[in-house]
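Novice: Quick one: the structure is below, and I'll ask about it shortly.
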2 protein chains.
Amino acid sequence: MSGSRATLAQVAARAGVSVSTASLAFSGSGPVSAATRERVLAAAEQLRYAGPDPRGRSLRQGRSGIIAVVMEDRVLAAFRDPVRIAVLDGIAQETSAQGQGLLLLSDVGESADAIGTATMDAAILLAFSYRSDPTVELLRRRVVPLVALGGPDHGLLTISIDDEAASAAAAAHLAGLGHTDVAIVTLPLVNVDSPAARGPLTADAMRAASVTVSLTRLRGARSVFPAAAGWVSAASSVDEGMIAGQALLADPARRPTAVIAQSDLLAAGVIRAAHELGLSVPGELSVIGFDGIPLDRIIPQDLTTMVQPAAAEGRAAGRAVLDLLAGEHPRSTSFQCTFHPGATTARPA
Amino acid sequence: MSGSRATLAQVAARAGVSVSTASLAFSGSGPVSAATRERVLAAAEQLRYAGPDPRGRSLRQGRSGIIAVVMEDRVLAAFRDPVRIAVLDGIAQETSAQGQGLLLLSDVGESADAIGTATMDAAILLAFSYRSDPTVELLRRRVVPLVALGGPDHGLLTISIDDEAASAAAAAHLAGLGHTDVAIVTLPLVNVDSPAARGPLTADAMRAASVTVSLTRLRGARSVFPAAAGWVSAASSVDEGMIAGQALLADPARRPTAVIAQSDLLAAGVIRAAHELGLSVPGELSVIGFDGIPLDRIIPQDLTTMVQPAAAEGRAAGRAVLDLLAGEHPRSTSFQCTFHPGATTARPA
DNA sequence: CTGTTAGCGCATTCAT
DNA sequence: ATGAATGCGCTAACAG
């Protein structure tokens with residue numbers, strides 16, 4: 001147990017100075033003679049004092065140096081997504097440069113309790129859905145400065161990408177090649193703790209949907225192909241993409257000439273399924289993805305996709321939080337995706 | 001800014017009770033009549049009080065509900081490794097069930113400052129090398145209960161796996177098949193912030209090495225093949241494995257009949273390189289990996305590998321930390337890897 | 001069941 | 001350049 005930590009008062013006593021002087025010696029934010037500073041540090045050394053206790057300091061200053069990152073999934077699910085990792089790394093780049101720590105919080109199950117009780121100076125909401133409205137409300141009450149990274153409009157400062165326009169651009173690319181029979185593979189429409197809802201994209205599924213990103217990208221694609229059939233996957237993974245591919249491509253009679261996947265991992269899975277069915281890509285099937293992650297050659301070709309600047313989004317969110325804490329007024333920002341012409345789309349046969 | 005939070009004192013005044021009674025009403029840990037509790041909660045509601053401020057509470061209780069996870073890499077590097085993610089998820093399973101938050105800290109660059117100043121009740125050191133001895137010393141001074149997950153012997157409570165024995169078992173498997181000419185592809189020997197040292201495994205490289213896991217696994221393999229040639233990779237990734245594969249397999253005259261890779265991603269890269277060189281696996285080259293992660297069909301075959309129970313390790317570390325905080329005396333634990341016979345090893349041609 | 005009292009460890013006035 | 005005093009917000013003894 002942490003029973004025996006020395007306190008600043010003890011150090012001060014040892015050094016023969018007042019507590020306030022000792023405090024100044026450590027923070028360096030006031031006039032202290034070099035000699036007394038030496039004496040204080042020597043006393044600290046003798047007592048093995050490791051510096052001011054963060055608890056006392058944060059109560060006094062009203063700052064803890066902790067920025068929370070709140071997700072709707074558990075760690076495993078969240079970090080299996082390469083985009084999330086890149087975003088989190090971007091956040092960490094900015095915040096850790098200022099000596100702030102990242103507190104990982106999950107809005108799922110019992111772990112959600114910590115959101116109400118954990119120390120934090122501010123919070124970044126990572127890819128929230130409508131499901132988490134109560135959490136947003138709780139954090140608002142706690143008067144925690146908030147930044148949303150993606151997610152629906154909670155009236156919060158939001159860092160986002162042009163999901164709808166980018167998806168429309170992806171669809172337009174296929175349309176430009178001459179495709180008219182296109183299917184869409186979506187990311188999950190409901191969250192991980194809901195009953196997994198993999199299956200055909202039906203009106204019912206749409207009504208129950210709560211995940212903003214999936215709906216927004218769907219809207220973009222449908223703006224070009226209003227009648228496109230769809231398949232809802234249960235996660236962003238190669239395996240789910242394969243399942244989707246099997247479902248959409250198995251029947252030669254109802255086989256589309258192109259597939260729009262809402263993530264690169266899903267796209268890779270679809271391409272795999274196509275290969276297993278003996279379909280050549282892009283000869284007999286065009287596939288376009290979304291994200292622009294390194295696919296580590298899961299598929300042989302270079303994937304045609306919309307590249308999102310994940311690390312930049314993370315950095316923007318990190319900077320926004322720091323600005324908020326500095327009393328500034330950062331503004332919501334939307335990043336643009338860029339089209340990456342790979343080798344997995346072509347004119348229909 | 002968090003300027004305007006209501007305090008417990010204000011709530012108490014509004015409800016016409018003392019502060020301590022109001023405190024009890026919130027914590028539920030004392031005898032309060034239902035009526036007064038109601039009154040307090042109503043007052044809180046009116047003032048939009050969101051519950052006790054964690055800063056005051058943690059100063060008073062000496063507990064913050066925060067467990068730090070300290071890594072030697074930046075987030076991106078750490079979480080590109082599927083094993084790390086699984087471990088972290090295991091930790092989170094245990095700690096978040098107790099309402100504890102995970103504070104992500106990095107022992108790299110300026111971000112390391114936070115290690116000395118961040119609020120934490122305990123810390124888990126994730127895959128530390130000797131490089132971080134000063135960090136361990138600092139945390140010891142701060143009298144923070146510590147648990148090491150892998151890494152060298154710091155005299156700390158340690159959760160580990162039988163790296164050496166498992167590597168020896170992998171090597172023995174190849175020896176049993178009749179291989180005598182075996183090469184080893186190691187994980188990085190130095191940390192990410194050191195000059196990247198990819199290249200042949202030389203005596204110099206060994207001397208400069210600081211990453212325990214790589215050295216331990218190497219020792220295991222060399223216990224069976226003392227003279228095995230080696231290649232040091234700069235990261236655990238498919239790309240690095242391909243580079244290693246090119247280097248080890250390009251020259252037909254000096255080509256081994258089998259490769260021991262220290263991670264599955266490296267193994268997958270080696271297999272890829274073999275395929276590009278026109279070598280069949282396991283016909284002309286046997287490859288064994290380490291980790292047992294889902295490879296998402298990066299390679300066509302089922303990889304022969306040593307499976308480590310990553311999630312279980314994480315959970316054990318999480319439990320150990322919680323036990324420590326509960327005043328108990330958990331013991332160091334070592335997990336065993338299990339051999340997974342895949343389809344990438346066979347008798348030499 | 002409720003109120004009173006007393007700090008937790010520290011940074012910051014304001015004197016000197 | 002240093003010291004004395006004050007309170008950040010809360011919980012835990014103890015008394016009533």
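Residue numbering restarts at 1 in every chain; chains get A, B, ... in the order shown in the structure tokens, and ligands count up from 1 in that same order.
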At most 7 Å is the cut-off: for each residue in chain C with any atom that close to an atom of chain A, write down the nearest atom pair and the distance in Å rounded to one decimal, counting only C-alpha atoms (C1' of nucleotides), chain first then increasing number, as JSON lines.
Specialist:
```
{"residue": "C:DG9", "atom": "C1'", "partner": "A:Gly56", "partner_atom": "CA", "distance": 4.3}
{"residue": "C:DC10", "atom": "C1'", "partner": "A:Gly56", "partner_atom": "CA", "distance": 4.8}
{"residue": "C:DA11", "atom": "C1'", "partner": "A:Arg60", "partner_atom": "CA", "distance": 6.4}
```
Novice: Please produce a file of those selected residues containing all heavy atoms, as a PDB file, in the first residue's frame.
Specialist:
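So out.pdb came out as:
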```
ATOM      1  P    DG C   9      -1.458  13.298   3.526  1.00  0.00           P
ATOM      2  OP1  DG C   9      -0.892  11.997   3.165  1.00  0.00           O
ATOM      3  OP2  DG C   9      -1.157  13.918   4.837  1.00  0.00           O
ATOM      4  O5'  DG C   9      -1.085  14.344   2.396  1.00  0.00           O
ATOM      5  C5'  DG C   9      -1.266  14.014   1.033  1.00  0.00           C
ATOM      6  C4'  DG C   9      -1.047  15.267   0.218  1.00  0.00           C
ATOM      7  O4'  DG C   9      -2.084  16.199   0.521  1.00  0.00           O
ATOM      8  C3'  DG C   9       0.273  15.987   0.515  1.00  0.00           C
ATOM      9  O3'  DG C   9       1.009  16.064  -0.683  1.00  0.00           O
ATOM     10  C2'  DG C   9      -0.146  17.331   1.074  1.00  0.00           C
ATOM     11  C1'  DG C   9      -1.551  17.487   0.521  1.00  0.00           C
ATOM     12  N9   DG C   9      -2.425  18.285   1.356  1.00  0.00           N
ATOM     13  C8   DG C   9      -2.467  18.307   2.730  1.00  0.00           C
ATOM     14  N7   DG C   9      -3.384  19.115   3.216  1.00  0.00           N
ATOM     15  C5   DG C   9      -3.977  19.656   2.087  1.00  0.00           C
ATOM     16  C6   DG C   9      -5.029  20.602   1.986  1.00  0.00           C
ATOM     17  O6   DG C   9      -5.670  21.153   2.896  1.00  0.00           O
ATOM     18  N1   DG C   9      -5.336  20.890   0.656  1.00  0.00           N
ATOM     19  C2   DG C   9      -4.691  20.331  -0.429  1.00  0.00           C
ATOM     20  N2   DG C   9      -5.119  20.722  -1.624  1.00  0.00           N
ATOM     21  N3   DG C   9      -3.706  19.451  -0.343  1.00  0.00           N
ATOM     22  C4   DG C   9      -3.402  19.160   0.934  1.00  0.00           C
ATOM     23  P    DC C  10       2.243  17.002  -0.870  1.00  0.00           P
ATOM     24  OP1  DC C  10       3.067  16.442  -1.940  1.00  0.00           O
ATOM     25  OP2  DC C  10       2.815  17.267   0.450  1.00  0.00           O
ATOM     26  O5'  DC C  10       1.586  18.319  -1.427  1.00  0.00           O
ATOM     27  C5'  DC C  10       0.946  18.268  -2.698  1.00  0.00           C
ATOM     28  C4'  DC C  10       0.125  19.506  -2.935  1.00  0.00           C
ATOM     29  O4'  DC C  10      -0.625  19.788  -1.748  1.00  0.00           O
ATOM     30  C3'  DC C  10       0.939  20.773  -3.173  1.00  0.00           C
ATOM     31  O3'  DC C  10       1.023  20.957  -4.579  1.00  0.00           O
ATOM     32  C2'  DC C  10       0.145  21.877  -2.493  1.00  0.00           C
ATOM     33  C1'  DC C  10      -0.990  21.137  -1.780  1.00  0.00           C
ATOM     34  N1   DC C  10      -1.211  21.577  -0.385  1.00  0.00           N
ATOM     35  C2   DC C  10      -2.155  22.558  -0.112  1.00  0.00           C
ATOM     36  O2   DC C  10      -2.776  23.069  -1.057  1.00  0.00           O
ATOM     37  N3   DC C  10      -2.366  22.940   1.166  1.00  0.00           N
ATOM     38  C4   DC C  10      -1.672  22.362   2.149  1.00  0.00           C
ATOM     39  N4   DC C  10      -1.919  22.761   3.414  1.00  0.00           N
ATOM     40  C5   DC C  10      -0.697  21.356   1.907  1.00  0.00           C
ATOM     41  C6   DC C  10      -0.496  21.006   0.641  1.00  0.00           C
ATOM     42  P    DA C  11       1.988  22.021  -5.202  1.00  0.00           P
ATOM     43  OP1  DA C  11       2.246  21.601  -6.590  1.00  0.00           O
ATOM     44  OP2  DA C  11       3.085  22.259  -4.261  1.00  0.00           O
ATOM     45  O5'  DA C  11       1.079  23.329  -5.253  1.00  0.00           O
ATOM     46  C5'  DA C  11      -0.059  23.308  -6.074  1.00  0.00           C
ATOM     47  C4'  DA C  11      -0.800  24.624  -5.970  1.00  0.00           C
ATOM     48  O4'  DA C  11      -1.171  24.888  -4.607  1.00  0.00           O
ATOM     49  C3'  DA C  11      -0.031  25.856  -6.427  1.00  0.00           C
ATOM     50  O3'  DA C  11      -0.992  26.709  -6.997  1.00  0.00           O
ATOM     51  C2'  DA C  11       0.542  26.402  -5.127  1.00  0.00           C
ATOM     52  C1'  DA C  11      -0.602  26.111  -4.175  1.00  0.00           C
ATOM     53  N9   DA C  11      -0.264  25.903  -2.760  1.00  0.00           N
ATOM     54  C8   DA C  11       0.792  25.220  -2.234  1.00  0.00           C
ATOM     55  N7   DA C  11       0.805  25.169  -0.922  1.00  0.00           N
ATOM     56  C5   DA C  11      -0.319  25.878  -0.555  1.00  0.00           C
ATOM     57  C6   DA C  11      -0.869  26.210   0.696  1.00  0.00           C
ATOM     58  N6   DA C  11      -0.336  25.812   1.867  1.00  0.00           N
ATOM     59  N1   DA C  11      -1.999  26.930   0.710  1.00  0.00           N
ATOM     60  C2   DA C  11      -2.539  27.304  -0.455  1.00  0.00           C
ATOM     61  N3   DA C  11      -2.118  27.068  -1.701  1.00  0.00           N
ATOM     62  C4   DA C  11      -0.985  26.337  -1.672  1.00  0.00           C
TER      63       DA C  11
END
```
Novice: Restrict the distance test to only C-alpha atoms (C1' of nucleotides), flag each residue of chain D within 8 Å of chain B, and return the flagged residues as a PyMOL selection string.
Specialist: chain D and resi 8-11
Novice: Produce a file of the selected residues containing N, CA, C and O atoms (P, O5', C5', C4', C3', O3' and C1' of nucleotides), as a short mmCIF file (atom, residue, chain, number, x, y, z; two decimals), in the first residue's frame.
Specialist:
```cif
data_model
loop_
_atom_site.label_atom_id
_atom_site.label_comp_id
_atom_site.auth_asym_id
_atom_site.auth_seq_id
_atom_site.Cartn_x
_atom_site.Cartn_y
_atom_site.Cartn_z
P DC D 8 -13.09 26.73 -0.51
"O5'" DC D 8 -12.80 25.90 -1.83
"C5'" DC D 8 -11.96 26.38 -2.87
"C4'" DC D 8 -11.26 25.21 -3.53
"C3'" DC D 8 -12.09 23.92 -3.49
"O3'" DC D 8 -12.80 23.80 -4.71
"C1'" DC D 8 -9.77 23.54 -2.86
P DG D 9 -14.38 23.83 -4.74
"O5'" DG D 9 -14.74 22.37 -4.24
"C5'" DG D 9 -14.33 21.25 -4.99
"C4'" DG D 9 -14.52 20.02 -4.14
"C3'" DG D 9 -15.92 19.89 -3.53
"O3'" DG D 9 -16.52 18.74 -4.08
"C1'" DG D 9 -14.22 19.43 -1.94
P DC D 10 -17.78 18.02 -3.46
"O5'" DC D 10 -17.12 17.03 -2.41
"C5'" DC D 10 -16.22 16.03 -2.89
"C4'" DC D 10 -15.50 15.36 -1.77
"C3'" DC D 10 -16.39 14.53 -0.86
"O3'" DC D 10 -16.30 13.18 -1.26
"C1'" DC D 10 -14.75 15.81 0.35
P DT D 11 -17.36 12.16 -0.68
"O5'" DT D 11 -16.63 11.60 0.64
"C5'" DT D 11 -15.33 11.09 0.51
"C4'" DT D 11 -14.78 10.71 1.86
"C3'" DT D 11 -15.62 9.75 2.69
"O3'" DT D 11 -14.67 8.92 3.34
"C1'" DT D 11 -15.21 11.70 3.94
#
```
Novice: If you fit chain A onto chain B using every C-alpha atom, paired in order, what RMSD in Å do you get?
Specialist: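 Per the least-squares fit, the RMSD is 0.1 Å.
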Novice: Could you find all residues in segment 108-203 of chain A that DSSP calls helix (DSSP H, G or I) from the backbone, and write them as JSON, numbers by chain?
Specialist: {"A": [109, 110, 111, 112, 113, 114, 115, 116, 117, 130, 131, 132, 133, 134, 135, 136, 137, 138, 139, 140, 141, 163, 164, 165, 166, 167, 168, 169, 170, 171, 172, 173, 174, 175, 176, 177, 203]}
Novice: Need the shell around DT16 of chain C: protein/DNA/RNA residues with any atom at most 10 Å away, counting only C-alpha atoms (C1' of nucleotides). Skip same-chain ones fewer than 5 positions apart. Format as a list in words?
Specialist: DT2, DG3 and DA4 of chain D
Novice: Please run DSSP on the backbone and report, as a list in words, all residues within segment 282-321 of chain B that come out as strand (DSSP E).
Specialist: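 Written out, the strand (DSSP E) residues of segment 282-321 of chain B are Ser286, Val287, Ile288, Gly289, Phe290, Asp291, Thr304, Thr305, Met306 and Val307 of chain B.
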Novice: Could you please tell me, as a PDB file with N, CA and C atoms, in the first residue's frame, which residues of chain B have an atom within 7 Å of chain A when using only C-alpha atoms?
Specialist:
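New file out-v8.pdb:
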```
ATOM      1  N   MET B   1     -14.574  26.298 -19.503  1.00  0.00           N
ATOM      2  CA  MET B   1     -13.934  25.870 -18.263  1.00  0.00           C
ATOM      3  C   MET B   1     -14.970  25.306 -17.292  1.00  0.00           C
ATOM      4  N   SER B   2     -14.473  24.592 -16.300  1.00  0.00           N
ATOM      5  CA  SER B   2     -15.381  23.950 -15.364  1.00  0.00           C
ATOM      6  C   SER B   2     -15.725  24.905 -14.236  1.00  0.00           C
ATOM      7  N   ARG B   5     -19.263  24.423 -11.223  1.00  0.00           N
ATOM      8  CA  ARG B   5     -19.835  23.237 -10.598  1.00  0.00           C
ATOM      9  C   ARG B   5     -20.386  23.523  -9.214  1.00  0.00           C
ATOM     10  N   ARG B  48     -28.310  20.873 -10.398  1.00  0.00           N
ATOM     11  CA  ARG B  48     -27.594  20.119 -11.432  1.00  0.00           C
ATOM     12  C   ARG B  48     -26.240  19.637 -10.922  1.00  0.00           C
ATOM     13  N   TYR B  49     -26.266  19.156  -9.700  1.00  0.00           N
ATOM     14  CA  TYR B  49     -25.047  18.604  -9.101  1.00  0.00           C
ATOM     15  C   TYR B  49     -24.878  17.174  -9.594  1.00  0.00           C
ATOM     16  N   ALA B  50     -23.694  16.880 -10.110  1.00  0.00           N
ATOM     17  CA  ALA B  50     -23.500  15.579 -10.758  1.00  0.00           C
ATOM     18  C   ALA B  50     -22.830  14.557  -9.865  1.00  0.00           C
ATOM     19  N   PRO B  54     -14.432  14.080  -7.941  1.00  0.00           N
ATOM     20  CA  PRO B  54     -13.406  13.054  -7.743  1.00  0.00           C
ATOM     21  C   PRO B  54     -12.130  13.608  -7.124  1.00  0.00           C
ATOM     22  N   ARG B  55     -11.846  14.860  -7.354  1.00  0.00           N
ATOM     23  CA  ARG B  55     -10.580  15.400  -6.836  1.00  0.00           C
ATOM     24  C   ARG B  55     -10.607  15.472  -5.319  1.00  0.00           C
ATOM     25  N   GLY B  56     -11.695  16.014  -4.792  1.00  0.00           N
ATOM     26  CA  GLY B  56     -11.817  16.085  -3.341  1.00  0.00           C
ATOM     27  C   GLY B  56     -11.886  14.695  -2.738  1.00  0.00           C
ATOM     28  N   SER B  58     -10.733  11.900  -3.935  1.00  0.00           N
ATOM     29  CA  SER B  58      -9.516  11.094  -3.981  1.00  0.00           C
ATOM     30  C   SER B  58      -8.458  11.636  -3.024  1.00  0.00           C
ATOM     31  N   LEU B  59      -8.461  12.917  -2.804  1.00  0.00           N
ATOM     32  CA  LEU B  59      -7.518  13.432  -1.806  1.00  0.00           C
ATOM     33  C   LEU B  59      -7.878  12.872  -0.423  1.00  0.00           C
ATOM     34  N   GLY B  65      -9.106   5.625  -8.129  1.00  0.00           N
ATOM     35  CA  GLY B  65      -9.800   4.753  -9.067  1.00  0.00           C
ATOM     36  C   GLY B  65      -9.114   4.680 -10.416  1.00  0.00           C
ATOM     37  N   VAL B  75       1.463   4.993 -28.641  1.00  0.00           N
ATOM     38  CA  VAL B  75       0.228   4.242 -28.809  1.00  0.00           C
ATOM     39  C   VAL B  75       0.192   3.477 -30.125  1.00  0.00           C
ATOM     40  N   LEU B  76       0.538   4.144 -31.200  1.00  0.00           N
ATOM     41  CA  LEU B  76       0.416   3.523 -32.515  1.00  0.00           C
ATOM     42  C   LEU B  76       1.232   2.252 -32.603  1.00  0.00           C
ATOM     43  N   PHE B  79      -0.190  -0.570 -30.228  1.00  0.00           N
ATOM     44  CA  PHE B  79      -1.473  -1.178 -30.556  1.00  0.00           C
ATOM     45  C   PHE B  79      -1.530  -1.750 -31.961  1.00  0.00           C
ATOM     46  N   ILE B  85      -2.989  -5.645 -27.749  1.00  0.00           N
ATOM     47  CA  ILE B  85      -4.397  -5.284 -27.643  1.00  0.00           C
ATOM     48  C   ILE B  85      -5.144  -6.309 -26.808  1.00  0.00           C
ATOM     49  N   ALA B  86      -4.850  -7.574 -27.068  1.00  0.00           N
ATOM     50  CA  ALA B  86      -5.528  -8.629 -26.317  1.00  0.00           C
ATOM     51  C   ALA B  86      -5.176  -8.528 -24.830  1.00  0.00           C
ATOM     52  N   ASP B  89      -6.941  -5.604 -23.335  1.00  0.00           N
ATOM     53  CA  ASP B  89      -8.357  -5.930 -23.150  1.00  0.00           C
ATOM     54  C   ASP B  89      -8.551  -6.805 -21.915  1.00  0.00           C
ATOM     55  N   SER B  96     -12.076  -2.718 -15.199  1.00  0.00           N
ATOM     56  CA  SER B  96     -13.280  -1.921 -15.428  1.00  0.00           C
ATOM     57  C   SER B  96     -14.471  -2.547 -14.719  1.00  0.00           C
ATOM     58  N   ALA B  97     -14.392  -3.846 -14.471  1.00  0.00           N
ATOM     59  CA  ALA B  97     -15.466  -4.479 -13.704  1.00  0.00           C
ATOM     60  C   ALA B  97     -15.510  -3.910 -12.288  1.00  0.00           C
ATOM     61  N   GLY B  99     -14.867  -0.777 -11.769  1.00  0.00           N
ATOM     62  CA  GLY B  99     -15.043   0.659 -11.921  1.00  0.00           C
ATOM     63  C   GLY B  99     -13.751   1.448 -11.950  1.00  0.00           C
ATOM     64  N   GLN B 100     -12.645   0.767 -12.174  1.00  0.00           N
ATOM     65  CA  GLN B 100     -11.370   1.472 -12.258  1.00  0.00           C
ATOM     66  C   GLN B 100     -11.128   1.917 -13.702  1.00  0.00           C
ATOM     67  N   GLY B 101     -10.531   3.057 -13.876  1.00  0.00           N
ATOM     68  CA  GLY B 101     -10.193   3.518 -15.210  1.00  0.00           C
ATOM     69  C   GLY B 101      -8.752   3.186 -15.538  1.00  0.00           C
ATOM     70  N   LEU B 102      -8.458   3.065 -16.831  1.00  0.00           N
ATOM     71  CA  LEU B 102      -7.092   2.772 -17.261  1.00  0.00           C
ATOM     72  C   LEU B 102      -6.447   4.027 -17.823  1.00  0.00           C
ATOM     73  N   LEU B 103      -5.364   4.432 -17.201  1.00  0.00           N
ATOM     74  CA  LEU B 103      -4.639   5.609 -17.680  1.00  0.00           C
ATOM     75  C   LEU B 103      -3.471   5.164 -18.540  1.00  0.00           C
ATOM     76  N   LEU B 104      -3.505   5.559 -19.799  1.00  0.00           N
ATOM     77  CA  LEU B 104      -2.484   5.141 -20.751  1.00  0.00           C
ATOM     78  C   LEU B 104      -1.298   6.087 -20.690  1.00  0.00           C
ATOM     79  N   LEU B 105      -0.167   5.551 -20.295  1.00  0.00           N
ATOM     80  CA  LEU B 105       1.022   6.387 -20.180  1.00  0.00           C
ATOM     81  C   LEU B 105       2.130   5.796 -21.025  1.00  0.00           C
ATOM     82  N   GLU B 110       8.587  13.345 -24.228  1.00  0.00           N
ATOM     83  CA  GLU B 110       8.010  14.247 -23.224  1.00  0.00           C
ATOM     84  C   GLU B 110       6.851  13.595 -22.505  1.00  0.00           C
ATOM     85  N   SER B 111       6.207  12.644 -23.161  1.00  0.00           N
ATOM     86  CA  SER B 111       5.050  12.009 -22.540  1.00  0.00           C
ATOM     87  C   SER B 111       5.443  11.333 -21.236  1.00  0.00           C
ATOM     88  N   ASP B 113       6.933  12.521 -18.817  1.00  0.00           N
ATOM     89  CA  ASP B 113       6.772  13.398 -17.659  1.00  0.00           C
ATOM     90  C   ASP B 113       5.557  13.021 -16.833  1.00  0.00           C
ATOM     91  N   ALA B 114       4.516  12.651 -17.538  1.00  0.00           N
ATOM     92  CA  ALA B 114       3.265  12.353 -16.849  1.00  0.00           C
ATOM     93  C   ALA B 114       3.425  11.225 -15.844  1.00  0.00           C
ATOM     94  N   THR B 117       3.892  12.657 -12.530  1.00  0.00           N
ATOM     95  CA  THR B 117       2.932  13.610 -11.987  1.00  0.00           C
ATOM     96  C   THR B 117       1.471  13.160 -12.064  1.00  0.00           C
ATOM     97  N   ALA B 118       1.223  12.074 -12.772  1.00  0.00           N
ATOM     98  CA  ALA B 118      -0.171  11.676 -12.961  1.00  0.00           C
ATOM     99  C   ALA B 118      -0.731  10.984 -11.729  1.00  0.00           C
ATOM    100  N   THR B 119      -1.998  11.186 -11.504  1.00  0.00           N
ATOM    101  CA  THR B 119      -2.707  10.495 -10.440  1.00  0.00           C
ATOM    102  C   THR B 119      -2.837   9.023 -10.787  1.00  0.00           C
ATOM    103  N   ARG B 141       9.488   5.073  -5.930  1.00  0.00           N
ATOM    104  CA  ARG B 141       9.548   6.215  -5.019  1.00  0.00           C
ATOM    105  C   ARG B 141       8.172   6.774  -4.729  1.00  0.00           C
ATOM    106  N   ARG B 142       7.400   6.798  -5.777  1.00  0.00           N
ATOM    107  CA  ARG B 142       6.048   7.327  -5.574  1.00  0.00           C
ATOM    108  C   ARG B 142       5.205   6.350  -4.768  1.00  0.00           C
ATOM    109  N   VAL B 143       5.787   5.225  -4.413  1.00  0.00           N
ATOM    110  CA  VAL B 143       5.095   4.220  -3.616  1.00  0.00           C
ATOM    111  C   VAL B 143       3.805   3.779  -4.299  1.00  0.00           C
ATOM    112  N   VAL B 144       3.935   3.575  -5.605  1.00  0.00           N
ATOM    113  CA  VAL B 144       2.811   3.076  -6.385  1.00  0.00           C
ATOM    114  C   VAL B 144       2.952   1.558  -6.495  1.00  0.00           C
ATOM    115  N   PRO B 145       1.929   0.825  -6.116  1.00  0.00           N
ATOM    116  CA  PRO B 145       2.002  -0.634  -6.283  1.00  0.00           C
ATOM    117  C   PRO B 145       2.207  -0.964  -7.759  1.00  0.00           C
ATOM    118  N   VAL B 238       4.011  -7.811 -40.790  1.00  0.00           N
ATOM    119  CA  VAL B 238       4.156  -8.641 -41.983  1.00  0.00           C
ATOM    120  C   VAL B 238       5.256  -8.082 -42.877  1.00  0.00           C
ATOM    121  N   ASP B 296      -6.291 -13.531 -39.872  1.00  0.00           N
ATOM    122  CA  ASP B 296      -7.174 -12.973 -40.887  1.00  0.00           C
ATOM    123  C   ASP B 296      -6.756 -13.412 -42.287  1.00  0.00           C
ATOM    124  N   ARG B 297      -6.265 -14.612 -42.372  1.00  0.00           N
ATOM    125  CA  ARG B 297      -5.901 -15.182 -43.675  1.00  0.00           C
ATOM    126  C   ARG B 297      -4.914 -14.329 -44.453  1.00  0.00           C
ATOM    127  N   ILE B 298      -3.975 -13.756 -43.738  1.00  0.00           N
ATOM    128  CA  ILE B 298      -2.904 -13.052 -44.430  1.00  0.00           C
ATOM    129  C   ILE B 298      -2.095 -14.064 -45.228  1.00  0.00           C
ATOM    130  N   LEU B 325      -4.161  -3.618  -4.375  1.00  0.00           N
ATOM    131  CA  LEU B 325      -4.879  -2.469  -3.833  1.00  0.00           C
ATOM    132  C   LEU B 325      -5.776  -2.883  -2.674  1.00  0.00           C
ATOM    133  N   GLY B 327      -4.870  -4.859  -0.499  1.00  0.00           N
ATOM    134  CA  GLY B 327      -4.031  -5.210   0.632  1.00  0.00           C
ATOM    135  C   GLY B 327      -3.641  -6.677   0.658  1.00  0.00           C
TER     136      GLY B 327
END
```
Novice: One decimal, in Å: what's the spacing between atom CA of Val40 of chain A and atom CA of Glu137 of chain B?
Specialist: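 So the answer is 20.4 Å.
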Novice: What's around Thr216 of chain A at 8 Å? Count only C-alpha atoms (C1' of nucleotides), leave out sequence neighbours fewer than 4 positions away in its own chain, and write the answer as a ChimeraX atom specification.
Specialist: /A:163-164,212,220
Novice: Would you write out those residues with N, CA, C and O atoms, as a tab-separated table (two decimals), in the first residue's frame?
Specialist:
```
chain	number	residue	atom	x	y	z
A	163	ASP	N	-18.09	12.03	-44.31
A	163	ASP	CA	-18.54	10.67	-44.62
A	163	ASP	C	-19.52	10.60	-45.79
A	163	ASP	O	-19.39	9.77	-46.67
A	164	GLU	N	-20.48	11.49	-45.75
A	164	GLU	CA	-21.52	11.39	-46.78
A	164	GLU	C	-20.96	11.72	-48.16
A	164	GLU	O	-21.15	10.98	-49.11
A	212	THR	N	-24.11	6.34	-36.20
A	212	THR	CA	-24.16	7.44	-37.16
A	212	THR	C	-23.33	7.19	-38.40
A	212	THR	O	-23.79	7.42	-39.52
A	220	GLY	N	-24.77	8.62	-48.31
A	220	GLY	CA	-23.92	9.07	-49.42
A	220	GLY	C	-23.99	8.12	-50.60
A	220	GLY	O	-24.18	8.54	-51.75
```
